[in-house]
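Asks: Mind having a look at this structure? Questions to follow.
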Amino acid sequence: MDSMYYGDVLIVDLDAGTTEQVDFEEADSTGPGLAAGLALYRKHLDAEPLVFGSGLFAGTPVPGACLGFVLARSPLSGEPAVAPLSLFAGAEMKLSGFSMVVVKGRSSKPVYLWLHDGVADIHDASALEGKDTWETTDAIRREMGESMIQVISAGPAGEAGSKLASISINYWGSGDTAALAAVMGGKLLKAVALRGLGMLDADEPEEFYTKAVELLAGARKDKGFRSICEAIGAPDIDAWLKPLTHRVRSCFACPSACSTFVKYNEAPSVLESSDVVEPGMLVTSAAASLWLMQGGWEAEPACRAMEAMAREGVDMVRGARELAAKPLAGGDEIAAAVKSLEGSQGAGWPAGEQMNYGLFGAWVPPLANADAWLAANRVGYVLGICPTYLMLSGLDAGSLFELCAPAAGVELEVDRIADMFG
Amino acid sequence: MRVKVKPLECTGCALCELACGYHWDEAFSLISSSIMLYRAEEKKDYMGIIVKTDQDLFIGRPEGAGAVKLGELQKGGGGGGASAKPILIREACDLCESVGLEPQCVAVCPHDALYLE
(Lines give C-alpha, C1' and ligand atoms only; values in the text may rest on other atoms or scores of the structure.)
Protein backbone atom coordinates (compact mmCIF):
# COMPACT_ATOMS: atom_id res chain seq x y z
CA MET A 1 0.00 0.00 0.00
CA ASP A 2 2.15 2.87 -1.18
CA SER A 3 -0.28 5.18 -2.95
CA MET A 4 0.02 8.67 -1.49
CA TYR A 5 2.68 7.13 0.81
CA TYR A 6 -0.19 5.88 2.94
CA GLY A 7 1.12 3.33 5.40
CA ASP A 8 4.75 4.48 5.69
CA VAL A 9 6.13 5.95 8.90
CA LEU A 10 9.45 7.55 9.66
CA ILE A 11 10.63 7.00 13.24
CA VAL A 12 13.14 9.60 14.45
CA ASP A 13 14.82 8.67 17.71
CA LEU A 14 16.47 11.79 19.06
CA ASP A 15 17.98 9.92 22.02
CA ALA A 16 19.89 7.66 19.67
CA GLY A 17 20.23 10.15 16.81
CA THR A 18 18.76 7.70 14.30
CA THR A 19 16.03 7.59 11.69
CA GLU A 20 14.21 4.51 10.41
CA GLN A 21 11.41 4.12 7.90
CA VAL A 22 8.95 1.37 8.82
CA ASP A 23 5.61 0.07 7.62
CA PHE A 24 2.64 1.17 9.66
CA GLU A 25 0.74 -2.07 9.49
CA GLU A 26 -2.21 -0.73 11.43
CA ALA A 27 -2.88 1.96 8.79
CA ASP A 28 -5.71 -0.04 7.25
CA SER A 29 -7.63 -0.07 10.49
CA THR A 30 -6.74 3.40 11.79
CA GLY A 31 -7.42 5.33 8.60
CA PRO A 32 -5.21 8.05 7.07
CA GLY A 33 -4.09 11.52 8.15
CA LEU A 34 -4.68 12.58 11.72
CA ALA A 35 -6.40 9.29 12.52
CA ALA A 36 -3.12 7.50 11.81
CA GLY A 37 -1.27 10.26 13.65
CA LEU A 38 -3.34 9.71 16.79
CA ALA A 39 -2.75 5.96 16.65
CA LEU A 40 0.99 6.53 16.32
CA TYR A 41 0.92 9.05 19.16
CA ARG A 42 -0.72 6.49 21.43
CA LYS A 43 1.59 3.71 20.26
CA HIS A 44 4.71 5.71 21.17
CA LEU A 45 3.28 7.54 24.17
CA ASP A 46 6.13 6.52 26.48
CA ALA A 47 8.62 8.42 24.29
CA GLU A 48 6.70 11.74 24.47
CA PRO A 49 6.09 11.63 20.72
CA LEU A 50 5.90 14.62 18.44
CA VAL A 51 4.07 13.52 15.30
CA PHE A 52 4.26 15.33 11.98
CA GLY A 53 1.81 14.15 9.36
CA SER A 54 -0.14 15.00 6.26
CA GLY A 55 -3.67 14.18 5.24
CA LEU A 56 -4.55 11.68 2.53
CA PHE A 57 -5.02 14.19 -0.32
CA ALA A 58 -2.30 16.69 0.67
CA GLY A 59 -0.13 17.39 -2.34
CA THR A 60 -2.83 16.65 -4.91
CA PRO A 61 -5.21 18.94 -6.85
CA VAL A 62 -8.20 18.30 -4.60
CA PRO A 63 -9.48 21.79 -3.61
CA GLY A 64 -7.85 22.92 -0.37
CA ALA A 65 -5.52 19.90 -0.19
CA CYS A 66 -2.76 21.68 1.69
CA LEU A 67 -3.11 20.28 5.15
CA GLY A 68 -0.66 18.50 7.37
CA PHE A 69 -0.44 18.57 11.13
CA VAL A 70 1.76 18.52 14.18
CA LEU A 71 0.46 16.44 17.07
CA ALA A 72 1.85 16.24 20.60
CA ARG A 73 0.86 16.52 24.22
CA SER A 74 0.17 20.19 24.76
CA PRO A 75 2.04 21.80 27.67
CA LEU A 76 -1.10 23.91 28.17
CA SER A 77 -3.63 21.13 28.65
CA GLY A 78 -1.55 18.00 29.19
CA GLU A 79 -3.68 16.41 26.48
CA PRO A 80 -2.91 15.66 22.82
CA ALA A 81 -3.36 18.71 20.60
CA VAL A 82 -2.97 19.52 16.95
CA ALA A 83 -1.45 22.40 15.04
CA PRO A 84 -2.18 22.82 11.33
CA LEU A 85 0.58 22.68 8.72
CA SER A 86 -0.84 24.88 6.01
CA LEU A 87 0.71 27.14 3.34
CA PHE A 88 3.00 24.73 1.42
CA ALA A 89 4.28 22.80 4.44
CA GLY A 90 1.72 19.98 4.60
CA ALA A 91 1.88 19.26 0.89
CA GLU A 92 5.65 19.53 0.67
CA MET A 93 5.96 17.14 3.58
CA LYS A 94 4.05 14.54 1.60
CA LEU A 95 6.04 15.31 -1.54
CA SER A 96 9.28 14.97 0.44
CA GLY A 97 8.46 11.27 0.62
CA PHE A 98 6.96 11.00 4.09
CA SER A 99 3.36 11.11 5.20
CA MET A 100 3.96 10.37 8.90
CA VAL A 101 6.96 11.18 11.08
CA VAL A 102 7.20 10.25 14.75
CA VAL A 103 9.89 12.10 16.69
CA LYS A 104 10.75 10.32 19.93
CA GLY A 105 12.96 11.26 22.85
CA ARG A 106 15.23 14.26 23.31
CA SER A 107 18.41 15.20 21.55
CA SER A 108 21.60 15.94 23.49
CA LYS A 109 22.25 19.00 21.32
CA PRO A 110 20.17 21.26 19.06
CA VAL A 111 19.28 19.55 15.79
CA TYR A 112 17.02 19.96 12.83
CA LEU A 113 15.45 17.26 10.71
CA TRP A 114 15.90 17.50 6.94
CA LEU A 115 13.36 15.55 4.87
CA HIS A 116 13.85 15.38 1.12
CA ASP A 117 13.64 12.86 -1.71
CA GLY A 118 12.56 10.10 0.67
CA VAL A 119 15.68 10.66 2.79
CA ALA A 120 15.71 11.80 6.42
CA ASP A 121 18.81 13.37 7.94
CA ILE A 122 19.41 14.81 11.39
CA HIS A 123 21.57 17.93 11.21
CA ASP A 124 23.40 19.83 13.91
CA ALA A 125 21.52 23.04 14.74
CA SER A 126 23.91 24.46 17.33
CA ALA A 127 24.40 27.53 15.16
CA LEU A 128 20.65 28.12 15.13
CA GLU A 129 20.24 28.17 18.89
CA GLY A 130 18.51 31.39 19.95
CA LYS A 131 17.77 32.41 16.36
CA ASP A 132 14.34 33.70 15.52
CA THR A 133 12.17 31.93 12.96
CA TRP A 134 13.12 34.30 10.13
CA GLU A 135 16.82 33.81 10.81
CA THR A 136 16.31 30.06 11.12
CA THR A 137 14.45 29.81 7.82
CA ASP A 138 17.06 31.88 6.02
CA ALA A 139 19.96 29.94 7.55
CA ILE A 140 18.60 26.51 6.61
CA ARG A 141 17.75 27.60 3.08
CA ARG A 142 21.22 29.13 2.73
CA GLU A 143 22.93 26.02 4.10
CA MET A 144 21.06 23.78 1.68
CA GLY A 145 21.32 26.18 -1.26
CA GLU A 146 17.59 25.89 -1.82
CA SER A 147 15.18 28.78 -1.41
CA MET A 148 11.94 26.80 -1.58
CA ILE A 149 12.59 24.57 1.43
CA GLN A 150 9.70 24.69 3.88
CA VAL A 151 10.89 25.24 7.44
CA ILE A 152 8.77 24.33 10.44
CA SER A 153 10.58 25.85 13.37
CA ALA A 154 10.49 26.84 17.01
CA GLY A 155 11.60 30.39 17.75
CA PRO A 156 13.16 31.70 20.94
CA ALA A 157 9.83 31.27 22.73
CA GLY A 158 9.78 27.58 21.92
CA GLU A 159 13.38 27.10 22.97
CA ALA A 160 12.57 28.76 26.30
CA GLY A 161 9.58 26.48 26.83
CA SER A 162 7.15 29.38 26.88
CA LYS A 163 3.49 28.49 27.06
CA LEU A 164 2.96 31.16 24.41
CA ALA A 165 5.27 29.37 22.01
CA SER A 166 3.88 28.59 18.58
CA ILE A 167 5.35 26.71 15.66
CA SER A 168 6.22 28.82 12.65
CA ILE A 169 5.94 27.79 9.02
CA ASN A 170 8.78 29.60 7.26
CA TYR A 171 8.40 33.25 8.31
CA TRP A 172 4.70 33.41 8.89
CA GLY A 173 3.69 31.70 12.13
CA SER A 174 1.00 29.03 12.23
CA GLY A 175 -2.28 28.07 13.86
CA ASP A 176 -0.46 26.43 16.78
CA THR A 177 -2.38 27.62 19.82
CA ALA A 178 -1.29 24.66 21.97
CA ALA A 179 2.39 25.59 22.54
CA LEU A 180 3.64 22.67 20.47
CA ALA A 181 6.72 24.76 19.67
CA ALA A 182 7.65 24.36 23.32
CA VAL A 183 7.54 20.58 22.79
CA MET A 184 9.99 21.03 19.91
CA GLY A 185 12.14 23.23 22.13
CA GLY A 186 12.11 20.65 24.92
CA LYS A 187 13.41 18.03 22.53
CA LEU A 188 16.12 20.44 21.22
CA LEU A 189 14.48 20.00 17.81
CA LYS A 190 14.91 23.47 16.36
CA ALA A 191 13.26 22.79 13.03
CA VAL A 192 11.98 20.35 10.46
CA ALA A 193 13.01 21.30 6.92
CA LEU A 194 11.10 19.90 3.95
CA ARG A 195 11.55 19.85 0.22
CA GLY A 196 8.96 18.12 -1.88
CA LEU A 197 10.46 16.79 -5.06
CA GLY A 198 8.76 13.43 -4.93
CA MET A 199 5.82 12.11 -6.88
CA LEU A 200 2.45 10.96 -5.57
CA ASP A 201 0.79 8.03 -7.29
CA ALA A 202 -2.89 7.31 -7.05
CA ASP A 203 -4.41 3.83 -7.18
CA GLU A 204 -6.64 4.87 -10.07
CA PRO A 205 -5.00 8.04 -11.38
CA GLU A 206 -7.38 8.97 -14.17
CA GLU A 207 -10.48 8.55 -12.05
CA PHE A 208 -8.89 10.44 -9.16
CA TYR A 209 -7.65 13.31 -11.31
CA THR A 210 -10.91 13.65 -13.24
CA LYS A 211 -13.00 13.78 -10.08
CA ALA A 212 -10.60 16.22 -8.38
CA VAL A 213 -10.77 18.59 -11.35
CA GLU A 214 -14.57 18.34 -11.39
CA LEU A 215 -14.58 19.40 -7.73
CA LEU A 216 -12.24 22.27 -8.53
CA ALA A 217 -14.49 23.51 -11.31
CA GLY A 218 -17.36 23.92 -8.90
CA ALA A 219 -15.31 25.08 -5.94
CA ARG A 220 -15.80 28.40 -4.23
CA LYS A 221 -13.06 30.90 -5.08
CA ASP A 222 -12.20 33.85 -2.87
CA LYS A 223 -9.53 36.45 -2.30
CA GLY A 224 -8.78 37.96 1.09
CA PHE A 225 -10.34 37.44 4.51
CA ARG A 226 -13.82 38.36 3.27
CA SER A 227 -15.44 34.94 3.48
CA ILE A 228 -14.16 34.35 7.02
CA CYS A 229 -15.35 37.77 8.20
CA GLU A 230 -18.74 37.36 6.57
CA ALA A 231 -19.20 33.90 8.06
CA ILE A 232 -18.63 35.05 11.62
CA GLY A 233 -20.19 38.48 11.28
CA ALA A 234 -16.88 40.22 11.96
CA PRO A 235 -15.75 43.61 10.66
CA ASP A 236 -13.93 43.70 7.34
CA ILE A 237 -10.23 42.88 7.82
CA ASP A 238 -9.53 43.47 4.13
CA ALA A 239 -10.60 47.12 4.33
CA TRP A 240 -8.40 47.64 7.41
CA LEU A 241 -5.39 46.09 5.67
CA LYS A 242 -6.06 47.72 2.30
CA PRO A 243 -3.60 50.65 2.63
CA LEU A 244 -0.80 48.11 3.14
CA THR A 245 -2.02 45.31 0.90
CA HIS A 246 0.39 44.09 -1.73
CA ARG A 247 -1.14 40.80 -2.94
CA VAL A 248 -3.22 37.92 -1.64
CA ARG A 249 -1.82 34.43 -1.34
CA SER A 250 -3.22 30.92 -1.27
CA CYS A 251 -2.13 27.85 0.55
CA PHE A 252 -1.21 24.93 -1.68
CA ALA A 253 -4.03 23.82 -4.00
CA CYS A 254 -6.55 26.15 -2.42
CA PRO A 255 -8.95 28.21 -4.55
CA SER A 256 -9.44 30.60 -1.63
CA ALA A 257 -6.55 33.00 -1.14
CA CYS A 258 -7.11 33.92 2.50
CA SER A 259 -3.65 35.23 3.36
CA THR A 260 -2.62 38.78 2.58
CA PHE A 261 0.89 40.05 2.03
CA VAL A 262 1.25 43.55 3.44
CA LYS A 263 4.16 45.93 2.89
CA TYR A 264 5.18 48.57 5.37
CA ASN A 265 8.92 48.85 4.75
CA GLU A 266 8.31 49.86 1.15
CA ALA A 267 5.29 51.05 -0.81
CA PRO A 268 2.71 48.23 -1.20
CA SER A 269 2.46 49.15 -4.88
CA VAL A 270 6.07 48.15 -5.58
CA LEU A 271 5.86 45.10 -7.82
CA GLU A 272 9.45 44.43 -8.73
CA SER A 273 12.00 42.65 -6.55
CA SER A 274 13.60 45.68 -4.94
CA ASP A 275 16.59 46.09 -2.65
CA VAL A 276 14.28 45.99 0.36
CA VAL A 277 14.90 42.46 1.59
CA GLU A 278 12.13 42.39 4.18
CA PRO A 279 9.34 44.60 2.87
CA GLY A 280 6.56 43.27 5.06
CA MET A 281 4.62 40.30 6.34
CA LEU A 282 2.22 37.61 5.14
CA VAL A 283 -0.84 38.02 7.36
CA THR A 284 -2.33 34.55 7.81
CA SER A 285 -4.32 34.87 11.04
CA ALA A 286 -7.81 36.29 10.84
CA ALA A 287 -8.25 35.89 14.61
CA ALA A 288 -5.08 37.83 15.48
CA SER A 289 -5.98 40.53 12.98
CA LEU A 290 -9.45 40.87 14.44
CA TRP A 291 -8.16 41.17 18.00
CA LEU A 292 -5.77 43.96 17.06
CA MET A 293 -8.21 45.74 14.76
CA GLN A 294 -10.98 45.69 17.37
CA GLY A 295 -8.47 46.79 20.00
CA GLY A 296 -8.05 50.03 18.08
CA TRP A 297 -4.71 49.28 16.48
CA GLU A 298 -3.85 50.86 13.15
CA ALA A 299 -3.00 48.28 10.50
CA GLU A 300 0.69 49.12 10.23
CA PRO A 301 1.67 48.69 13.88
CA ALA A 302 -0.61 45.68 14.07
CA CYS A 303 1.20 44.03 11.17
CA ARG A 304 4.55 44.91 12.72
CA ALA A 305 3.35 43.27 15.93
CA MET A 306 2.34 40.14 14.01
CA GLU A 307 5.79 40.11 12.39
CA ALA A 308 7.44 40.41 15.80
CA MET A 309 5.33 37.54 17.15
CA ALA A 310 6.11 35.38 14.12
CA ARG A 311 9.83 36.04 14.52
CA GLU A 312 9.75 35.20 18.22
CA GLY A 313 7.67 32.10 17.61
CA VAL A 314 4.78 33.33 19.73
CA ASP A 315 1.12 32.38 19.27
CA MET A 316 -0.30 35.34 17.37
CA VAL A 317 -3.85 34.83 18.55
CA ARG A 318 -3.11 34.81 22.27
CA GLY A 319 -0.44 37.46 21.77
CA ALA A 320 -2.73 39.74 19.81
CA ARG A 321 -5.47 39.28 22.38
CA GLU A 322 -3.09 40.37 25.13
CA LEU A 323 -1.72 43.26 23.09
CA ALA A 324 -5.15 44.40 21.96
CA ALA A 325 -5.83 46.44 25.06
CA LYS A 326 -2.82 48.71 24.61
CA PRO A 327 -2.31 49.99 21.05
CA LEU A 328 1.29 50.89 20.31
CA ALA A 329 2.72 52.82 17.42
CA GLY A 330 6.50 52.45 17.43
CA GLY A 331 8.62 49.52 16.25
CA ASP A 332 10.83 49.32 19.35
CA GLU A 333 7.83 49.58 21.67
CA ILE A 334 6.13 46.78 19.78
CA ALA A 335 9.15 44.49 19.84
CA ALA A 336 9.54 45.06 23.58
CA ALA A 337 5.84 44.45 24.18
CA VAL A 338 5.97 41.17 22.26
CA LYS A 339 8.98 39.99 24.25
CA SER A 340 7.19 40.76 27.50
CA LEU A 341 3.93 38.99 26.66
CA GLU A 342 2.76 37.00 29.64
CA GLY A 343 0.34 34.55 28.09
CA SER A 344 -2.48 35.98 30.15
CA GLN A 345 -5.12 35.32 27.49
CA GLY A 346 -6.60 32.22 25.91
CA ALA A 347 -6.73 31.51 22.20
CA GLY A 348 -10.26 32.62 21.54
CA TRP A 349 -11.83 34.72 18.82
CA PRO A 350 -13.13 38.24 19.47
CA ALA A 351 -16.55 37.46 18.05
CA GLY A 352 -18.39 34.99 20.21
CA GLU A 353 -17.37 32.59 22.90
CA GLN A 354 -14.14 30.68 22.79
CA MET A 355 -14.67 27.20 21.46
CA ASN A 356 -12.33 24.54 22.68
CA TYR A 357 -12.44 21.07 21.23
CA GLY A 358 -9.32 19.93 23.04
CA LEU A 359 -7.51 18.24 20.20
CA PHE A 360 -8.26 21.08 17.78
CA GLY A 361 -7.96 23.90 20.27
CA ALA A 362 -9.62 27.18 19.51
CA TRP A 363 -8.63 27.26 15.87
CA VAL A 364 -12.20 27.16 14.63
CA PRO A 365 -14.03 30.48 14.25
CA PRO A 366 -17.10 30.98 16.43
CA LEU A 367 -19.98 30.03 14.19
CA ALA A 368 -23.33 28.92 15.41
CA ASN A 369 -22.94 25.38 14.15
CA ALA A 370 -20.23 23.99 16.44
CA ASP A 371 -20.93 20.38 15.54
CA ALA A 372 -20.37 21.10 11.87
CA TRP A 373 -17.02 22.73 12.67
CA LEU A 374 -15.94 19.72 14.70
CA ALA A 375 -16.89 17.41 11.84
CA ALA A 376 -15.05 19.64 9.35
CA ASN A 377 -11.92 19.51 11.47
CA ARG A 378 -12.05 15.73 11.68
CA VAL A 379 -12.65 15.28 7.97
CA GLY A 380 -10.12 17.98 7.07
CA TYR A 381 -7.28 16.58 9.14
CA VAL A 382 -7.88 13.04 7.90
CA LEU A 383 -8.14 13.99 4.24
CA GLY A 384 -5.63 16.86 4.26
CA ILE A 385 -8.16 19.54 3.36
CA CYS A 386 -8.09 22.89 5.16
CA PRO A 387 -11.08 22.77 7.55
CA THR A 388 -11.75 26.48 7.10
CA TYR A 389 -11.97 26.02 3.35
CA LEU A 390 -14.06 22.89 3.82
CA MET A 391 -16.48 24.77 6.03
CA LEU A 392 -16.70 28.08 4.19
CA SER A 393 -16.68 26.66 0.67
CA GLY A 394 -19.53 24.28 1.30
CA LEU A 395 -17.45 21.51 -0.27
CA ASP A 396 -19.44 18.31 0.07
CA ALA A 397 -17.76 15.71 2.27
CA GLY A 398 -19.46 12.93 0.33
CA SER A 399 -17.75 14.05 -2.88
CA LEU A 400 -14.43 14.00 -1.10
CA PHE A 401 -14.99 10.51 0.25
CA GLU A 402 -15.60 9.32 -3.33
CA LEU A 403 -11.99 10.25 -4.04
CA CYS A 404 -10.55 8.02 -1.31
CA ALA A 405 -10.81 4.74 -3.21
CA PRO A 406 -9.18 5.95 -6.44
CA ALA A 407 -6.57 7.78 -4.36
CA ALA A 408 -5.39 4.95 -2.15
CA GLY A 409 -7.93 2.16 -2.08
CA VAL A 410 -9.46 3.50 1.12
CA GLU A 411 -13.17 3.52 1.89
CA LEU A 412 -14.27 6.36 4.17
CA GLU A 413 -17.52 7.88 5.33
CA VAL A 414 -18.56 10.38 7.98
CA ASP A 415 -19.44 7.80 10.63
CA ARG A 416 -16.12 6.01 10.22
CA ILE A 417 -14.24 9.28 10.63
CA ALA A 418 -16.13 10.06 13.82
CA ASP A 419 -15.17 6.59 15.09
CA MET A 420 -11.49 7.26 14.35
CA PHE A 421 -11.52 10.00 16.98
CA GLY A 422 -13.23 7.88 19.58
CA MET B 1 -2.11 29.56 -29.64
CA ARG B 2 -0.20 29.55 -26.38
CA VAL B 3 -0.68 29.80 -22.63
CA LYS B 4 -0.20 33.32 -21.33
CA VAL B 5 -0.08 34.68 -17.81
CA LYS B 6 -1.80 37.48 -15.90
CA PRO B 7 0.69 37.43 -13.03
CA LEU B 8 -1.15 39.74 -10.66
CA GLU B 9 -4.17 37.44 -10.69
CA CYS B 10 -2.04 34.51 -9.49
CA THR B 11 -2.33 33.63 -5.81
CA GLY B 12 0.38 30.98 -5.83
CA CYS B 13 -1.69 27.84 -5.26
CA ALA B 14 0.40 25.70 -7.66
CA LEU B 15 -2.65 23.93 -9.06
CA CYS B 16 -1.32 24.67 -12.56
CA GLU B 17 1.93 22.86 -11.77
CA LEU B 18 0.06 19.87 -10.37
CA ALA B 19 -2.25 19.61 -13.38
CA CYS B 20 0.61 19.94 -15.85
CA GLY B 21 2.74 17.45 -13.96
CA TYR B 22 -0.13 14.98 -14.04
CA HIS B 23 -0.39 15.49 -17.79
CA TRP B 24 3.20 14.34 -18.22
CA ASP B 25 3.52 11.67 -15.51
CA GLU B 26 0.03 10.53 -14.45
CA ALA B 27 1.18 11.38 -10.94
CA PHE B 28 1.38 14.49 -8.76
CA SER B 29 4.61 16.37 -8.36
CA LEU B 30 6.17 19.81 -8.66
CA ILE B 31 9.14 18.77 -10.78
CA SER B 32 7.92 17.80 -14.21
CA SER B 33 5.47 20.48 -15.32
CA SER B 34 6.00 22.78 -18.27
CA ILE B 35 4.67 25.58 -16.12
CA MET B 36 6.41 26.68 -12.96
CA LEU B 37 5.47 28.91 -10.10
CA TYR B 38 8.40 31.15 -9.22
CA ARG B 39 8.40 31.37 -5.44
CA ALA B 40 12.07 31.64 -4.61
CA GLU B 41 11.76 35.13 -3.07
CA GLU B 42 9.09 34.36 -0.50
CA LYS B 43 10.08 36.99 2.03
CA LYS B 44 9.55 39.67 -0.62
CA ASP B 45 6.34 38.08 -1.89
CA TYR B 46 7.90 38.27 -5.34
CA MET B 47 6.06 35.60 -7.25
CA GLY B 48 5.46 34.82 -10.88
CA ILE B 49 4.78 32.07 -13.41
CA ILE B 50 6.95 30.68 -16.19
CA VAL B 51 5.63 28.62 -19.13
CA LYS B 52 8.08 26.73 -21.31
CA THR B 53 7.37 26.21 -25.00
CA ASP B 54 9.70 24.70 -27.57
CA GLN B 55 10.61 28.22 -28.70
CA ASP B 56 10.68 30.37 -25.60
CA LEU B 57 9.69 30.96 -22.02
CA PHE B 58 6.63 33.06 -21.32
CA ILE B 59 7.51 34.76 -18.05
CA GLY B 60 4.81 36.39 -15.96
CA ARG B 61 6.62 38.66 -13.53
CA PRO B 62 4.58 40.89 -11.20
CA GLU B 63 5.85 43.94 -13.05
CA GLY B 64 4.99 42.58 -16.48
CA ALA B 65 4.72 39.54 -18.72
CA GLY B 66 6.38 38.55 -21.94
CA ALA B 67 8.25 35.90 -23.89
CA VAL B 68 12.00 35.38 -23.82
CA LYS B 69 13.74 33.24 -26.44
CA LEU B 70 15.38 30.21 -24.88
CA GLY B 71 18.86 31.29 -25.96
CA GLU B 72 18.40 34.75 -24.50
CA LEU B 73 17.63 33.70 -20.96
CA GLN B 74 20.44 35.07 -18.86
CA LYS B 75 20.15 33.10 -15.70
CA GLY B 76 18.08 30.72 -13.70
CA GLY B 77 15.32 28.84 -15.30
CA GLY B 78 12.85 29.24 -12.54
CA GLY B 79 15.08 29.66 -9.55
CA GLY B 80 14.62 27.69 -6.38
CA GLY B 81 18.10 26.37 -5.81
CA ALA B 82 20.19 23.28 -5.93
CA SER B 83 17.48 20.63 -5.89
CA ALA B 84 14.95 22.32 -8.16
CA LYS B 85 14.64 20.93 -11.66
CA PRO B 86 15.19 23.88 -13.97
CA ILE B 87 12.39 24.55 -16.35
CA LEU B 88 14.82 24.61 -19.26
CA ILE B 89 15.26 20.84 -19.07
CA ARG B 90 11.55 20.09 -18.68
CA GLU B 91 9.12 19.15 -21.43
CA ALA B 92 7.78 22.03 -23.51
CA CYS B 93 4.08 22.85 -23.26
CA ASP B 94 2.05 20.99 -25.89
CA LEU B 95 -1.25 22.59 -24.85
CA CYS B 96 -2.24 19.13 -23.59
CA GLU B 97 -2.84 18.01 -27.20
CA SER B 98 -1.05 14.73 -26.52
CA VAL B 99 -3.77 13.73 -24.06
CA GLY B 100 -6.65 15.25 -25.99
CA LEU B 101 -7.69 17.70 -23.30
CA GLU B 102 -7.95 21.45 -23.08
CA PRO B 103 -4.84 22.95 -21.46
CA GLN B 104 -5.14 21.70 -17.93
CA CYS B 105 -3.25 24.55 -16.28
CA VAL B 106 -5.81 27.00 -17.67
CA ALA B 107 -8.68 24.71 -16.71
CA VAL B 108 -7.71 24.39 -13.05
CA CYS B 109 -6.57 27.96 -12.32
CA PRO B 110 -9.11 29.29 -9.80
CA HIS B 111 -8.47 32.96 -10.53
CA ASP B 112 -8.08 33.08 -14.32
CA ALA B 113 -4.40 33.94 -14.09
CA LEU B 114 -3.77 31.79 -17.17
CA TYR B 115 -5.37 32.14 -20.58
CA LEU B 116 -4.96 31.05 -24.16
CA GLU B 117 -4.05 33.47 -26.93
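As shown in the C-alpha coordinates, the chain order sets the letters A, B, ...; within each chain, residues go from 1, and ligands are also counted from 1 in the order they appear.
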Write down, as a PyMOL selection string, each residue of chain B that has any atom within 10 Å of an atom of chain A, counting only C-alpha atoms.
Replies: chain B and resi 8-19+21-23+25-32+38-47+61-64+79-85+104+107-111
Asks: Please report, as a PyMOL selection string, each residue of segment 23-178 of chain A to which DSSP assigns strand (DSSP E) when run on this structure's backbone.
Replies: chain A and resi 23+50-54+68-73+80-85+100-104+111-116+119-124+150-153+168-169
Asks: Would you work out the distance separating atom CA of Lys163 of chain A from atom CA of Thr133 of chain A, expressed in Å to one decimal?
Replies: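 Computing the Euclidean distance for atom CA of Lys163 of chain A and atom CA of Thr133 of chain A yields 16.9 Å.
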Asks: If you run DSSP on this backbone, which residues of chain B come out as helix (DSSP H, G or I), and could you give them as JSON, numbers by chain?
Replies: {"B": [7, 8, 9, 15, 16, 17, 18, 19, 20, 21, 22, 23, 24, 25, 42, 43, 44, 70, 71, 72, 87, 88, 89, 97, 98, 99, 104, 105, 106, 107, 108]}
Asks: Nearest residue to Ala302 of chain A out of A:Phe360, A:Leu241, A:Ala139, A:Gly384, using only C-alpha atoms?
Replies: A:Leu241
